[in-house]
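Student: Encoded as structure tokens, here's the structure I'll be asking about.
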Amino acid sequence: MEQKTQIIEGRVVSIQRNTFFVKSGKEEYAAHLTGKLRESEEIPVVGDYVNVCLDGYGSASIIKLQPRKSLFVRPDRSGHVDGYVKTMKEQPVIANFDYVFIITSLNFNFNLNRIARYAAITTSGGGTPVVVLTKAYLVNDADSYIEKVKTLNRKMEIYAVSSFTGEELEQLRK
């Protein structure tokens, strides 16, 4: 009996070494890249929509990467020192997202530059940054921290929350 091949569309939900786990409906497939995609500059990342060829014998191959609506990238230093930033590549991390939650504590770890860096990467990648300032009960004036973060990007959503007191948690859930 001849087995039929089938082309499906799915979304990459995780990657382990050279295996891409693709979810389509309720099914999940362990897929590998075809030779053409393996040699491509753009390989799928978590969140990508892909076309998968199911060969009827239990094997799945990713044959096409669909266009991305957003992409979060980080610098890929690959042995480069910071002084050679012009030659530094970017490493894609996740694709097709709407929001990136930037979570930082209002303790001694609060770093405005880090928030600015992640917000810039998120915005340039096509997403909306949401800043969650945790441990708001540790500071007397959480609003002053919110105002500092607002100076970075007026389009960001910012929440100063406390799991200890429950402050702002309901607004964040929305």
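Chain labels run A, B, ... following the order of the structure tokens; each chain numbers its residues from 1, and ligands are numbered from 1 in the order shown.
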Run DSSP on the backbone of this structure and report the residues of segment 82-127 of chain A it assigns to strand (DSSP E or B), as a ChimeraX atom specification.
Tutor: /A:89-95,99-105
Student: Would you export the selected residues with C-alpha atoms as a CSV table (one decimal), in the first residue's frame, please?
Tutor:
```
chain,number,residue,atom,x,y,z
A,89,LYS,CA,26.0,39.1,13.8
A,90,GLU,CA,22.5,38.8,15.3
A,91,GLN,CA,21.1,35.6,16.7
A,92,PRO,CA,17.3,35.1,16.3
A,93,VAL,CA,15.7,34.0,19.5
A,94,ILE,CA,11.9,34.0,18.9
A,95,ALA,CA,9.5,35.0,16.2
A,99,TYR,CA,4.5,41.4,23.5
A,100,VAL,CA,7.7,40.9,25.4
A,101,PHE,CA,7.5,41.1,29.1
A,102,ILE,CA,10.6,42.7,30.6
A,103,ILE,CA,10.6,41.8,34.2
A,104,THR,CA,12.9,43.4,36.7
A,105,SER,CA,12.9,43.9,40.5
```
Student: Would you please work out which residue, of A:Asn153, A:Gln171, A:Thr165, A:Asn113, is nearest to Val132 of chain A when using only C-alpha atoms?
Tutor: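 Looking only at the distances to Val132 of chain A, the closest residue turns out to be A:Gln171.
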Student: When you look at Gly56 of chain A with a cut-off of 8 Å (counting only C-alpha atoms), what residues show up, excluding the ones that are within fewer than 3 positions of it in the same chain? I need them as a PDB file with C-alpha atoms, in the first residue's frame.
Tutor:
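The new file around.pdb reads:
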```pdb
ATOM      1  CA  GLN A   3       1.816   5.991   1.703  1.00  0.00           C
ATOM      2  CA  LYS A   4       0.751   9.539   0.820  1.00  0.00           C
ATOM      3  CA  THR A   5       2.828  12.579   1.550  1.00  0.00           C
ATOM      4  CA  GLN A   6       1.031  15.495   3.120  1.00  0.00           C
ATOM      5  CA  SER A  59       9.095  11.272   9.060  1.00  0.00           C
TER       6      SER A  59
END
```
Student: Identify, on the basis of only C-alpha atoms, every residue whose closest approach to Ala30 of chain A does not exceed 10 Å; exclude the query and any residue fewer than 6 positions from it along the same chain; express the result as a PDB file with C-alpha atoms, in the first residue's frame.
Tutor:
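What follows is the written file out-v2.pdb:
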```
ATOM      1  CA  VAL A  12       7.688  25.692  15.930  1.00  0.00           C
ATOM      2  CA  SER A  14      10.610  24.069  20.703  1.00  0.00           C
ATOM      3  CA  ILE A  15      13.990  23.136  19.292  1.00  0.00           C
ATOM      4  CA  GLN A  16      16.352  20.493  20.618  1.00  0.00           C
ATOM      5  CA  ASN A  18      18.633  19.612  15.125  1.00  0.00           C
ATOM      6  CA  THR A  19      15.041  18.600  15.854  1.00  0.00           C
ATOM      7  CA  PHE A  20      12.237  21.132  15.510  1.00  0.00           C
ATOM      8  CA  PHE A  21       9.012  20.321  17.339  1.00  0.00           C
ATOM      9  CA  VAL A  22       6.134  21.650  15.268  1.00  0.00           C
ATOM     10  CA  LYS A  23       2.557  21.875  16.516  1.00  0.00           C
ATOM     11  CA  GLY A  58       6.400   8.916  10.310  1.00  0.00           C
ATOM     12  CA  SER A  59       9.095  11.272   9.060  1.00  0.00           C
ATOM     13  CA  ALA A  60       8.550  15.041   9.009  1.00  0.00           C
ATOM     14  CA  SER A  61      10.635  17.652   7.184  1.00  0.00           C
ATOM     15  CA  ILE A  62      10.356  21.430   7.332  1.00  0.00           C
TER      16      ILE A  62
END
```
Student: Using only C-alpha atoms, find the one residue out of A:Ala142, A:Leu169, A:Val46, A:Leu71 that sits nearest to Gly126 of chain A.
Tutor: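 Once distances to Gly126 of chain A are computed over only C-alpha atoms, the minimum belongs to A:Leu71.
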Student: Could you please determine the separation between atom CA of Met156 of chain A and atom CA of Asp48 of chain A in Å, to one decimal place?
Tutor: 24.4 Å
Student: With only C-alpha atoms as the counted atoms, please give the residues lying no more than 12 Å from Glu168 of chain A, apart from itself and same-chain residues fewer than 3 positions off, as a PyMOL selection string.
Tutor: chain A and resi 132-137+142-143+158-165+171-174
Student: How would the residues just picked look written out with N, CA and C atoms as a tab-separated table (two decimals), in the first residue's frame?
Tutor:
```tsv
chain	number	residue	atom	x	y	z
A	132	VAL	N	7.50	45.02	33.70
A	132	VAL	CA	6.91	44.63	34.97
A	132	VAL	C	7.98	44.84	36.04
A	133	LEU	N	7.73	45.81	36.89
A	133	LEU	CA	8.64	46.12	37.99
A	133	LEU	C	8.12	45.38	39.22
A	134	THR	N	8.86	44.37	39.65
A	134	THR	CA	8.40	43.54	40.76
A	134	THR	C	8.92	44.07	42.10
A	135	LYS	N	8.39	43.53	43.17
A	135	LYS	CA	8.77	43.89	44.54
A	135	LYS	C	8.55	45.37	44.83
A	136	ALA	N	7.40	45.87	44.37
A	136	ALA	CA	7.07	47.29	44.57
A	136	ALA	C	6.98	47.64	46.06
A	137	TYR	N	6.73	46.67	46.90
A	137	TYR	CA	6.64	46.95	48.35
A	137	TYR	C	7.98	47.35	48.96
A	142	ALA	N	7.05	53.84	44.10
A	142	ALA	CA	7.14	53.07	42.86
A	142	ALA	C	6.82	53.93	41.64
A	143	ASP	N	5.99	54.97	41.82
A	143	ASP	CA	5.64	55.85	40.70
A	143	ASP	C	6.86	56.56	40.13
A	158	ILE	N	3.71	49.76	31.56
A	158	ILE	CA	4.56	49.60	32.73
A	158	ILE	C	3.69	49.31	33.95
A	159	TYR	N	4.07	48.29	34.70
A	159	TYR	CA	3.34	47.92	35.90
A	159	TYR	C	4.33	47.72	37.04
A	160	ALA	N	4.07	48.34	38.17
A	160	ALA	CA	4.84	48.09	39.39
A	160	ALA	C	3.99	47.18	40.26
A	161	VAL	N	4.40	45.94	40.40
A	161	VAL	CA	3.58	44.93	41.07
A	161	VAL	C	4.25	44.40	42.33
A	162	SER	N	3.42	43.80	43.16
A	162	SER	CA	3.92	43.15	44.36
A	162	SER	C	3.10	41.89	44.60
A	163	SER	N	3.74	40.74	44.56
A	163	SER	CA	3.02	39.51	44.88
A	163	SER	C	2.77	39.43	46.39
A	164	PHE	N	3.57	40.18	47.15
A	164	PHE	CA	3.44	40.21	48.61
A	164	PHE	C	2.16	40.94	49.03
A	165	THR	N	1.90	42.11	48.42
A	165	THR	CA	0.72	42.89	48.78
A	165	THR	C	-0.43	42.75	47.78
A	171	GLN	N	-4.39	44.57	37.27
A	171	GLN	CA	-4.17	45.34	36.05
A	171	GLN	C	-3.24	44.58	35.10
A	172	LEU	N	-2.23	43.92	35.64
A	172	LEU	CA	-1.30	43.13	34.82
A	172	LEU	C	-2.00	41.96	34.17
A	173	ARG	N	-2.91	41.33	34.88
A	173	ARG	CA	-3.64	40.17	34.31
A	173	ARG	C	-4.40	40.56	33.05
A	174	LYS	N	-4.90	41.78	33.01
A	174	LYS	CA	-5.67	42.25	31.84
A	174	LYS	C	-4.78	42.31	30.64
```
